[in-house]
>>> print(open('protein28.cif').read())   # mmCIF, C-alpha atoms
data_work
#
loop_
_atom_site.label_atom_id
_atom_site.label_comp_id
_atom_site.auth_asym_id
_atom_site.auth_seq_id
_atom_site.Cartn_x
_atom_site.Cartn_y
_atom_site.Cartn_z
CA MET K 17 -44.02 35.77 27.96
CA THR K 18 -42.10 32.52 27.49
CA VAL K 19 -39.35 32.57 24.87
CA SER K 20 -38.42 29.24 23.24
CA THR K 21 -34.70 28.39 23.40
CA LYS K 22 -34.93 25.52 20.89
CA PRO K 23 -33.55 27.46 17.86
CA PHE K 24 -30.56 28.60 19.88
CA SER K 25 -29.97 25.04 21.12
CA LEU K 26 -30.06 23.71 17.58
CA PHE K 27 -27.64 26.43 16.48
CA ARG K 28 -25.21 25.57 19.27
CA ARG K 29 -25.34 21.86 18.42
CA ALA K 30 -24.77 22.54 14.72
CA ARG K 31 -21.87 24.88 15.50
CA ALA K 32 -20.31 22.28 17.83
CA ALA K 33 -20.65 19.58 15.18
CA ALA K 34 -18.97 21.80 12.60
CA ILE K 35 -16.07 22.50 14.96
CA LEU K 36 -15.69 18.79 15.73
CA PHE K 37 -15.66 17.88 12.01
CA THR K 38 -13.03 20.51 11.29
CA GLY K 39 -10.87 19.28 14.14
CA LEU K 40 -11.06 15.68 12.97
CA ALA K 41 -10.18 16.67 9.41
CA LEU K 42 -7.15 18.62 10.61
CA ALA K 43 -6.04 15.74 12.82
CA LEU K 44 -6.22 13.29 9.93
CA ALA K 45 -4.33 15.63 7.65
CA GLY K 46 -1.65 15.93 10.32
CA CYS K 47 -1.05 12.19 10.01
CA GLN K 48 -0.42 12.39 6.29
CA THR K 49 2.80 14.34 6.01
CA ALA K 50 6.20 13.15 4.89
CA PRO K 51 8.81 11.59 7.20
CA PRO K 52 11.95 13.52 8.18
CA GLN K 53 14.20 14.49 5.32
CA GLY K 54 16.81 12.00 6.46
CA SER K 55 14.39 9.17 5.66
CA ALA K 56 13.72 10.17 2.07
CA ARG K 57 14.32 6.68 0.65
CA ALA K 58 11.50 5.25 2.74
CA ALA K 59 9.05 8.01 1.85
CA GLU K 60 7.19 6.21 -0.89
CA THR K 61 3.92 7.88 0.09
CA VAL K 62 3.63 11.36 1.46
CA ALA K 63 1.02 14.07 1.82
CA PRO K 64 -2.07 13.39 -0.34
CA PRO K 65 -4.06 16.04 -2.22
CA PRO K 66 -6.08 18.43 -0.02
CA GLN K 67 -8.67 16.61 2.07
CA ALA K 68 -11.64 17.95 0.10
CA ALA K 69 -10.21 16.55 -3.14
CA LEU K 70 -9.45 13.23 -1.47
CA VAL K 71 -13.03 12.86 -0.30
CA GLN K 72 -14.36 13.63 -3.78
CA THR K 73 -12.11 11.24 -5.68
CA ALA K 74 -11.46 8.32 -3.31
CA PRO K 75 -13.26 5.20 -4.56
CA ARG K 76 -15.71 3.33 -2.34
CA VAL K 77 -15.69 -0.44 -2.42
CA GLU K 78 -17.73 -1.43 0.64
CA MET K 79 -20.28 -3.45 -1.31
CA PRO K 80 -22.81 -5.37 0.81
CA GLY K 81 -21.93 -8.74 -0.65
CA GLN K 82 -18.23 -8.31 0.13
CA VAL K 83 -18.25 -7.00 3.69
CA SER K 84 -19.14 -10.25 5.45
CA GLU K 85 -16.94 -12.32 3.14
CA LEU K 86 -13.95 -10.12 3.89
CA GLY K 87 -14.62 -10.11 7.61
CA LEU K 88 -14.78 -6.31 7.57
CA ALA K 89 -17.47 -3.80 8.40
CA ALA K 90 -17.72 -0.64 6.32
CA THR K 91 -16.67 1.40 9.36
CA ASP K 92 -13.66 -0.72 10.36
CA ARG K 93 -10.47 1.31 10.68
CA ALA K 94 -6.87 0.41 11.43
CA THR K 95 -4.84 1.48 14.44
CA ALA K 96 -2.41 4.22 13.47
CA ARG K 97 1.34 3.48 13.65
CA ALA K 98 0.72 0.23 15.55
CA HIS K 99 3.13 -2.68 15.44
CA ALA K 100 2.34 -6.07 13.90
CA ALA K 101 4.51 -8.87 12.54
CA ILE K 102 4.41 -12.33 11.03
CA VAL K 103 6.89 -14.85 9.59
CA VAL K 104 5.72 -17.69 7.36
CA ASP K 105 7.39 -20.57 5.58
CA ALA K 106 7.08 -19.67 1.89
CA ALA K 107 6.69 -23.27 0.74
CA SER K 108 4.05 -24.51 3.18
CA GLY K 109 2.53 -21.29 4.48
CA ALA K 110 3.13 -22.46 8.05
CA VAL K 111 3.26 -19.59 10.53
CA LEU K 112 6.60 -19.47 12.34
CA HIS K 113 6.04 -16.26 14.31
CA GLU K 114 3.21 -13.76 14.75
CA GLU K 115 2.35 -10.65 16.75
CA ASP K 116 -1.07 -9.04 16.25
CA ALA K 117 -1.05 -10.58 12.78
CA ASP K 118 -4.83 -10.15 12.32
CA ALA K 119 -5.10 -6.60 13.66
CA LEU K 120 -6.05 -3.98 11.08
CA ARG K 121 -3.17 -1.84 9.85
CA TYR K 122 -2.62 0.70 7.06
CA PRO K 123 -0.70 -0.93 4.18
CA ALA K 124 0.95 2.22 2.76
CA SER K 125 2.99 1.21 -0.31
CA LEU K 126 2.65 -2.50 0.42
CA THR K 127 -0.53 -1.82 -1.54
CA LYS K 128 1.56 -1.84 -4.72
CA MET K 129 2.18 -5.56 -4.24
CA MET K 130 -1.43 -6.08 -5.30
CA THR K 131 -1.16 -3.47 -8.07
CA LEU K 132 1.78 -5.46 -9.44
CA TYR K 133 -0.04 -8.78 -8.94
CA LEU K 134 -2.88 -7.63 -11.20
CA LEU K 135 -0.40 -6.25 -13.74
CA PHE K 136 1.45 -9.58 -13.73
CA ASP K 137 -1.91 -11.32 -14.24
CA ALA K 138 -2.55 -9.13 -17.27
CA VAL K 139 0.82 -10.01 -18.81
CA SER K 140 0.44 -13.71 -18.04
CA THR K 141 -2.99 -13.90 -19.68
CA GLY K 142 -1.91 -11.95 -22.76
CA ARG K 143 -3.99 -8.83 -22.14
CA VAL K 144 -0.78 -6.83 -22.38
CA THR K 145 2.86 -7.49 -23.17
CA LEU K 146 5.94 -6.02 -21.54
CA ASP K 147 6.19 -3.60 -24.46
CA THR K 148 2.55 -2.47 -24.42
CA PRO K 149 2.35 1.33 -24.05
CA LEU K 150 0.26 2.59 -21.13
CA ASP K 151 -1.45 5.96 -21.50
CA VAL K 152 -0.64 8.59 -18.87
CA SER K 153 -3.49 10.84 -17.75
CA ALA K 154 -3.18 14.24 -16.13
CA GLU K 155 -4.62 12.75 -12.94
CA ALA K 156 -1.92 10.08 -12.81
CA ALA K 157 0.86 12.56 -13.55
CA ALA K 158 -0.33 14.78 -10.69
CA ARG K 159 0.05 12.17 -7.94
CA PRO K 160 2.38 13.26 -5.11
CA PRO K 161 5.81 11.66 -4.47
CA ALA K 162 7.24 9.17 -4.56
CA ARG K 163 6.97 9.24 -8.33
CA ILE K 164 9.14 9.02 -11.44
CA GLY K 165 7.66 12.10 -13.10
CA VAL K 166 5.56 10.67 -15.92
CA LYS K 167 4.01 13.30 -18.18
CA ALA K 168 0.40 13.39 -19.32
CA GLY K 169 0.12 12.22 -22.91
CA GLN K 170 3.53 10.51 -22.90
CA PRO K 171 3.01 6.73 -22.56
CA ILE K 172 5.24 4.36 -20.63
CA THR K 173 5.62 0.65 -21.26
CA VAL K 174 4.44 -2.16 -19.02
CA ARG K 175 8.09 -3.07 -18.49
CA GLN K 176 8.86 0.44 -17.23
CA ALA K 177 5.77 0.42 -15.03
CA ILE K 178 6.82 -2.83 -13.33
CA SER K 179 10.27 -1.44 -12.51
CA ALA K 180 8.86 1.89 -11.33
CA LEU K 181 6.49 0.17 -8.92
CA ALA K 182 8.85 -2.52 -7.63
CA VAL K 183 11.96 -0.33 -7.28
CA LYS K 184 10.83 3.26 -6.79
CA SER K 185 7.29 2.62 -5.49
CA ALA K 186 5.99 5.30 -7.83
CA ASN K 187 2.53 6.63 -6.99
CA ASP K 188 2.04 8.20 -10.41
CA VAL K 189 2.71 4.88 -12.14
CA ALA K 190 0.31 3.02 -9.82
CA VAL K 191 -2.50 5.20 -11.18
CA VAL K 192 -1.29 4.69 -14.76
CA VAL K 193 -1.58 0.93 -14.30
CA ALA K 194 -4.99 1.20 -12.63
CA GLU K 195 -6.48 3.40 -15.35
CA ASN K 196 -5.13 1.32 -18.21
CA LEU K 197 -6.20 -2.04 -16.83
CA SER K 198 -9.59 -1.06 -15.41
CA GLY K 199 -10.55 2.32 -16.83
CA SER K 200 -10.35 4.09 -13.49
CA GLU K 201 -8.58 3.79 -10.15
CA ARG K 202 -11.94 3.22 -8.49
CA ALA K 203 -12.71 0.19 -10.66
CA PHE K 204 -9.17 -1.12 -10.23
CA ALA K 205 -9.44 -0.88 -6.43
CA GLN K 206 -12.58 -3.01 -6.58
CA GLN K 207 -10.67 -5.62 -8.57
CA MET K 208 -7.79 -5.44 -6.08
CA THR K 209 -10.19 -6.17 -3.22
CA ALA K 210 -11.83 -9.00 -5.17
CA LYS K 211 -8.42 -10.54 -5.88
CA ALA K 212 -7.51 -10.21 -2.21
CA ARG K 213 -10.63 -12.17 -1.30
CA SER K 214 -9.83 -14.89 -3.84
CA LEU K 215 -6.33 -15.29 -2.38
CA GLY K 216 -7.70 -15.69 1.14
CA MET K 217 -6.92 -12.17 2.36
CA ARG K 218 -9.97 -11.90 4.58
CA ARG K 219 -9.34 -8.53 6.25
CA THR K 220 -8.04 -6.36 3.43
CA ARG K 221 -9.87 -3.52 1.68
CA PHE K 222 -8.28 -1.49 -1.12
CA VAL K 223 -9.58 1.89 -2.22
CA ASN K 224 -6.58 3.10 -4.24
CA ALA K 225 -3.71 1.58 -6.19
CA SER K 226 -0.80 3.34 -4.48
CA GLY K 227 -1.28 3.23 -0.71
CA LEU K 228 -1.63 6.98 -0.35
CA PRO K 229 -3.49 7.81 2.89
CA ASP K 230 -7.14 6.79 3.13
CA PRO K 231 -8.53 5.48 6.44
CA ARG K 232 -10.69 2.96 4.58
CA GLN K 233 -7.67 1.19 3.04
CA VAL K 234 -6.77 -1.50 5.56
CA THR K 235 -5.02 -4.86 5.77
CA THR K 236 -3.22 -7.15 8.21
CA ALA K 237 0.24 -8.61 8.51
CA ARG K 238 -1.19 -12.06 7.79
CA ASP K 239 -2.92 -10.87 4.63
CA MET K 240 0.24 -9.21 3.32
CA ALA K 241 2.19 -12.42 3.95
CA ILE K 242 -0.44 -14.29 1.92
CA LEU K 243 -0.02 -11.78 -0.91
CA ALA K 244 3.79 -11.89 -0.81
CA ARG K 245 3.70 -15.69 -0.90
CA ALA K 246 1.27 -15.63 -3.85
CA LEU K 247 3.52 -13.24 -5.77
CA LYS K 248 6.49 -15.54 -5.25
CA SER K 249 4.66 -18.73 -6.18
CA ARG K 250 2.19 -17.67 -8.88
CA HIS K 251 4.29 -15.01 -10.58
CA ALA K 252 7.78 -16.40 -10.08
CA GLY K 253 8.72 -15.28 -13.58
CA PHE K 254 8.63 -11.68 -12.42
CA ALA K 255 10.77 -12.24 -9.31
CA ARG K 256 13.69 -10.26 -10.75
CA ALA K 257 11.61 -7.08 -10.57
CA PHE K 258 11.88 -7.20 -6.78
CA THR K 259 15.63 -7.87 -6.69
CA ALA K 260 16.62 -4.86 -8.82
CA ARG K 261 18.53 -2.23 -6.85
CA SER K 262 17.98 0.60 -9.33
CA PHE K 263 15.85 1.66 -12.27
CA THR K 264 16.45 4.31 -14.93
CA TYR K 265 13.69 6.34 -16.53
CA ASN K 266 13.96 9.39 -18.77
CA GLY K 267 17.64 9.87 -17.91
CA ARG K 268 17.17 9.59 -14.12
CA THR K 269 18.26 6.65 -11.99
CA PHE K 270 16.13 5.70 -9.00
CA GLU K 271 17.49 3.56 -6.17
CA THR K 272 15.50 0.79 -4.51
CA THR K 273 13.61 1.59 -1.31
CA ASN K 274 14.47 -1.87 0.09
CA ASN K 275 17.61 -1.41 2.18
CA LEU K 276 17.99 -5.15 2.86
CA LEU K 277 18.80 -6.01 -0.76
CA GLY K 278 22.52 -6.74 -0.95
CA GLN K 279 22.90 -6.21 2.79
CA VAL K 280 21.18 -9.24 4.32
CA ALA K 281 22.11 -12.65 2.93
CA GLY K 282 19.37 -14.27 0.87
CA VAL K 283 16.98 -11.32 0.72
CA ASP K 284 15.29 -11.00 -2.68
CA GLY K 285 12.41 -8.55 -2.15
CA ILE K 286 9.59 -7.75 -1.70
CA LYS K 287 8.23 -4.28 -0.76
CA THR K 288 8.58 -1.37 1.63
CA GLY K 289 5.97 1.19 2.65
CA TYR K 290 5.53 4.38 4.62
CA ILE K 291 2.84 6.90 5.46
CA ARG K 292 2.49 8.72 8.76
CA LEU K 293 -0.69 6.79 9.58
CA ALA K 294 1.12 3.47 9.15
CA GLY K 295 4.69 3.99 10.26
CA TYR K 296 7.41 2.03 8.46
CA ASN K 297 6.27 -1.24 6.86
CA LEU K 298 8.19 -4.00 5.12
CA ALA K 299 7.38 -7.35 3.54
CA ALA K 300 10.61 -9.25 2.89
CA SER K 301 11.42 -12.56 1.26
CA ALA K 302 14.68 -14.42 1.86
CA ARG K 303 16.11 -17.80 0.95
CA ARG K 304 19.03 -19.76 2.39
CA GLY K 305 19.99 -23.39 1.99
CA GLY K 306 16.78 -24.33 0.20
CA LYS K 307 14.51 -22.73 2.79
CA ARG K 308 12.52 -19.55 2.07
CA VAL K 309 10.61 -17.45 4.57
CA ILE K 310 8.53 -14.30 4.28
CA ALA K 311 8.57 -11.72 7.07
CA VAL K 312 6.14 -8.82 7.37
CA VAL K 313 6.48 -5.97 9.85
CA PHE K 314 4.08 -3.04 10.29
CA GLY K 315 4.43 0.15 12.29
CA GLY K 316 8.20 0.50 12.59
CA GLU K 317 9.21 3.64 14.45
CA SER K 318 11.87 4.42 11.87
CA GLU K 319 13.27 2.99 8.67
CA ARG K 320 16.29 1.67 10.57
CA ALA K 321 14.22 0.14 13.37
CA ARG K 322 11.98 -1.63 10.86
CA ASP K 323 14.96 -3.00 8.95
CA ARG K 324 16.60 -4.23 12.17
CA GLU K 325 13.45 -6.07 13.22
CA VAL K 326 12.94 -7.76 9.86
CA THR K 327 16.61 -8.73 9.72
CA ALA K 328 16.40 -10.27 13.19
CA LEU K 329 13.30 -12.25 12.22
CA LEU K 330 14.96 -13.56 9.08
CA GLU K 331 18.07 -14.56 11.00
CA ARG K 332 15.97 -16.37 13.58
CA TYR K 333 13.76 -18.38 11.24
CA LEU K 334 16.03 -19.13 8.28
#
>>> encode(input="protein28.cif", output="structure tokens")
Amino acid sequence: MTVSTKPFSLFRRARAAAILFTGLALALAGCQTAPPQGSARAAETVAPPPQAALVQTAPRVEMPGQVSELGLAATDRATARAHAAIVVDAASGAVLHEEDADALRYPASLTKMMTLYLLFDAVSTGRVTLDTPLDVSAEAAARPPARIGVKAGQPITVRQAISALAVKSANDVAVVVAENLSGSERAFAQQMTAKARSLGMRRTRFVNASGLPDPRQVTTARDMAILARALKSRHAGFARAFTARSFTYNGRTFETTNNLLGQVAGVDGIKTGYIRLAGYNLAASARRGGKRVIAVVFGGESERARDREVTALLERYL
């Protein structure tokens, strides 16, 4: 009698697929832990919620009409911890230096540049004022560090939110802003991506407001330079938010994550970022003698190495 082996073959294939999926999930989670304790100031984004929760709550924004316009496919992913850099003249937008400037990278907390851009838009158009209270949900309060420790049910003002994002890079406050401006972080991420497209950021996709790890959230050095330049030119009235070296909330003082402020002549912002998938990122603006440049570096091996590279670029092109 002949015995069919098909059921056993299907079982083996299913079991192998399950093992592969588990291995990939564990590998991704391994890329989402915090940096060494000695680099605490750069650790704006650390381990996300458990992977299952992340999959359930992460917003999806790959809408058919946007993919081709953004120059991205729904499956496009960035290269982990890979280097990229660009320097542009802030006035003209002319590119002075670039290395892999169009390669996909993970933005980490550079994401909050767009979160702040949309918040600045809301203030400028009168939707909110600097003293408008923003409701804090339990979901926002539960975001992992870096955070300022907002409490569910205890509002913060727009003014406080701006400082918390620009100085401390607070993940909890990023969600507060998203929920208050758009109703949900998912809806806000869609608006972030739409704004990116309108600014000419062709290879950027946002799926959250903080930069916490999600392989679908991608950008490029060129796109982040475009965003930094737009912040400086279109929202110049908020420039002081990026020059502040500290911020006090609820009796606690938080120091800036940008080590170049006060250390490198002319530097006046803009934003740092770190997750294990990205490495150490920095978008910096500096002005000397009437000339302003913006430098963006992705994938620094350490906080110090990233700062050295950005400093060297500023010295060379200013």
>>> resolve_selection(input="protein28.cif", expression="the PyMOL selection byres ((chain K and resi 115) around 7)", output="ChimeraX atom specification")
/K:100-102,114,116-117
>>> closest_atom_pairs(input="protein28.cif", of="segment 173-243 of chain K", to="segment 249-260 of chain K", cutoff="10 Å", atoms="all atoms listed in the file", output="Markdown table")
| residue | atom | partner | partner_atom | distance |
| --- | --- | --- | --- | --- |
| K:Arg175 | CA | K:Ala257 | CA | 9.5 |
| K:Ile178 | CA | K:Ala257 | CA | 7.0 |
| K:Ser179 | CA | K:Ala257 | CA | 6.1 |
| K:Ala180 | CA | K:Ala257 | CA | 9.4 |
| K:Leu181 | CA | K:Ala257 | CA | 9.0 |
| K:Ala182 | CA | K:Phe258 | CA | 5.6 |
| K:Val183 | CA | K:Ala260 | CA | 6.7 |
| K:Leu243 | CA | K:Ser249 | CA | 9.9 |
>>> resolve_selection(input="protein28.cif", expression="the PyMOL selection byres ((chain K and resi 285) around 8)", output="list of chain:residue names")
K:Phe258, K:Thr259, K:Asn274, K:Leu277, K:Val283, K:Asp284, K:Ile286, K:Lys287, K:Ala299, K:Ala300, K:Ser301, K:Ala302
>>> closest_residue(input="protein28.cif", among="K:Val326, K:Leu120, K:Ala194, K:Ala177", to="Thr145 of chain K", atoms="only C-alpha atoms")
K:Ala177
>>> residues_around(input="protein28.cif", residues="Gly315 of chain K", least_positions_apart="4", cutoff="12 Å", atoms="all atoms listed in the file", output="PyMOL selection string")
chain K and resi 94-101+115-116+119-124+236-237+288-299+319+321-323+325-326
>>> write_last_selection(input="protein28.cif", atoms="C-alpha atoms", output="short mmCIF file (atom, residue, chain, number, x, y, z; two decimals), keeping the file's coordinate frame")
data_model
loop_
_atom_site.label_atom_id
_atom_site.label_comp_id
_atom_site.auth_asym_id
_atom_site.auth_seq_id
_atom_site.Cartn_x
_atom_site.Cartn_y
_atom_site.Cartn_z
CA ALA K 94 -6.87 0.41 11.43
CA THR K 95 -4.84 1.48 14.44
CA ALA K 96 -2.41 4.22 13.47
CA ARG K 97 1.34 3.48 13.65
CA ALA K 98 0.72 0.23 15.55
CA HIS K 99 3.13 -2.68 15.44
CA ALA K 100 2.34 -6.07 13.90
CA ALA K 101 4.51 -8.87 12.54
CA GLU K 115 2.35 -10.65 16.75
CA ASP K 116 -1.07 -9.04 16.25
CA ALA K 119 -5.10 -6.60 13.66
CA LEU K 120 -6.05 -3.98 11.08
CA ARG K 121 -3.17 -1.84 9.85
CA TYR K 122 -2.62 0.70 7.06
CA PRO K 123 -0.70 -0.93 4.18
CA ALA K 124 0.95 2.22 2.76
CA THR K 236 -3.22 -7.15 8.21
CA ALA K 237 0.24 -8.61 8.51
CA THR K 288 8.58 -1.37 1.63
CA GLY K 289 5.97 1.19 2.65
CA TYR K 290 5.53 4.38 4.62
CA ILE K 291 2.84 6.90 5.46
CA ARG K 292 2.49 8.72 8.76
CA LEU K 293 -0.69 6.79 9.58
CA ALA K 294 1.12 3.47 9.15
CA GLY K 295 4.69 3.99 10.26
CA TYR K 296 7.41 2.03 8.46
CA ASN K 297 6.27 -1.24 6.86
CA LEU K 298 8.19 -4.00 5.12
CA ALA K 299 7.38 -7.35 3.54
CA GLU K 319 13.27 2.99 8.67
CA ALA K 321 14.22 0.14 13.37
CA ARG K 322 11.98 -1.63 10.86
CA ASP K 323 14.96 -3.00 8.95
CA GLU K 325 13.45 -6.07 13.22
CA VAL K 326 12.94 -7.76 9.86
#
>>> closest_residue(input="protein28.cif", among="K:Lys167, K:Tyr133, K:Asn196, K:Met208", to="Thr148 of chain K", atoms="only C-alpha atoms")
K:Asn196
>>> atom_distance(input="protein28.cif", atom1="atom CA of Thr273 of chain K", atom2="atom CA of Ala162 of chain K")
10.4 Å
>>> closest_residue(input="protein28.cif", among="K:Val191, K:Leu150, K:Leu132, K:Leu334", to="Ala203 of chain K", atoms="all atoms listed in the file")
K:Val191
>>> atom_distance(input="protein28.cif", atom1="atom CA of Gly305 of chain K", atom2="atom CA of Arg238 of chain K")
24.7 Å
>>> atom_distance(input="protein28.cif", atom1="atom CA of Val193 of chain K", atom2="atom CA of Val166 of chain K")
12.2 Å
>>> closest_residue(input="protein28.cif", among="K:Arg232, K:Arg308, K:Arg163, K:Arg93", to="Arg245 of chain K", atoms="only C-alpha atoms")
K:Arg308
>>> closest_residue(input="protein28.cif", among="K:Val192, K:Thr209, K:Thr327, K:Ile164", to="Gly267 of chain K", atoms="only C-alpha atoms")
K:Ile164
>>> resolve_selection(input="protein28.cif", expression="the PyMOL selection byres ((chain K and resi 217) around 8)", output="list in words")
Leu86, Ala212, Arg213, Ser214, Leu215, Gly216, Arg218, Arg219, Thr220, Arg238, Asp239, Met240, Ile242 and Leu243 of chain K
>>> write_last_selection(input="protein28.cif", atoms="C-alpha atoms", output="mmCIF file, keeping the file's coordinate frame")
data_model
loop_
_atom_site.group_PDB
_atom_site.id
_atom_site.type_symbol
_atom_site.label_atom_id
_atom_site.label_comp_id
_atom_site.auth_asym_id
_atom_site.auth_seq_id
_atom_site.Cartn_x
_atom_site.Cartn_y
_atom_site.Cartn_z
ATOM 1 C CA LEU K 86 -13.950 -10.120 3.890
ATOM 2 C CA ALA K 212 -7.510 -10.210 -2.210
ATOM 3 C CA ARG K 213 -10.630 -12.170 -1.300
ATOM 4 C CA SER K 214 -9.830 -14.890 -3.840
ATOM 5 C CA LEU K 215 -6.330 -15.290 -2.380
ATOM 6 C CA GLY K 216 -7.700 -15.690 1.140
ATOM 7 C CA ARG K 218 -9.970 -11.900 4.580
ATOM 8 C CA ARG K 219 -9.340 -8.530 6.250
ATOM 9 C CA THR K 220 -8.040 -6.360 3.430
ATOM 10 C CA ARG K 238 -1.190 -12.060 7.790
ATOM 11 C CA ASP K 239 -2.920 -10.870 4.630
ATOM 12 C CA MET K 240 0.240 -9.210 3.320
ATOM 13 C CA ILE K 242 -0.440 -14.290 1.920
ATOM 14 C CA LEU K 243 -0.020 -11.780 -0.910
#
>>> closest_residue(input="protein28.cif", among="K:Arg221, K:Arg303, K:Lys248, K:Arg324", to="Thr127 of chain K", atoms="only C-alpha atoms")
K:Arg221
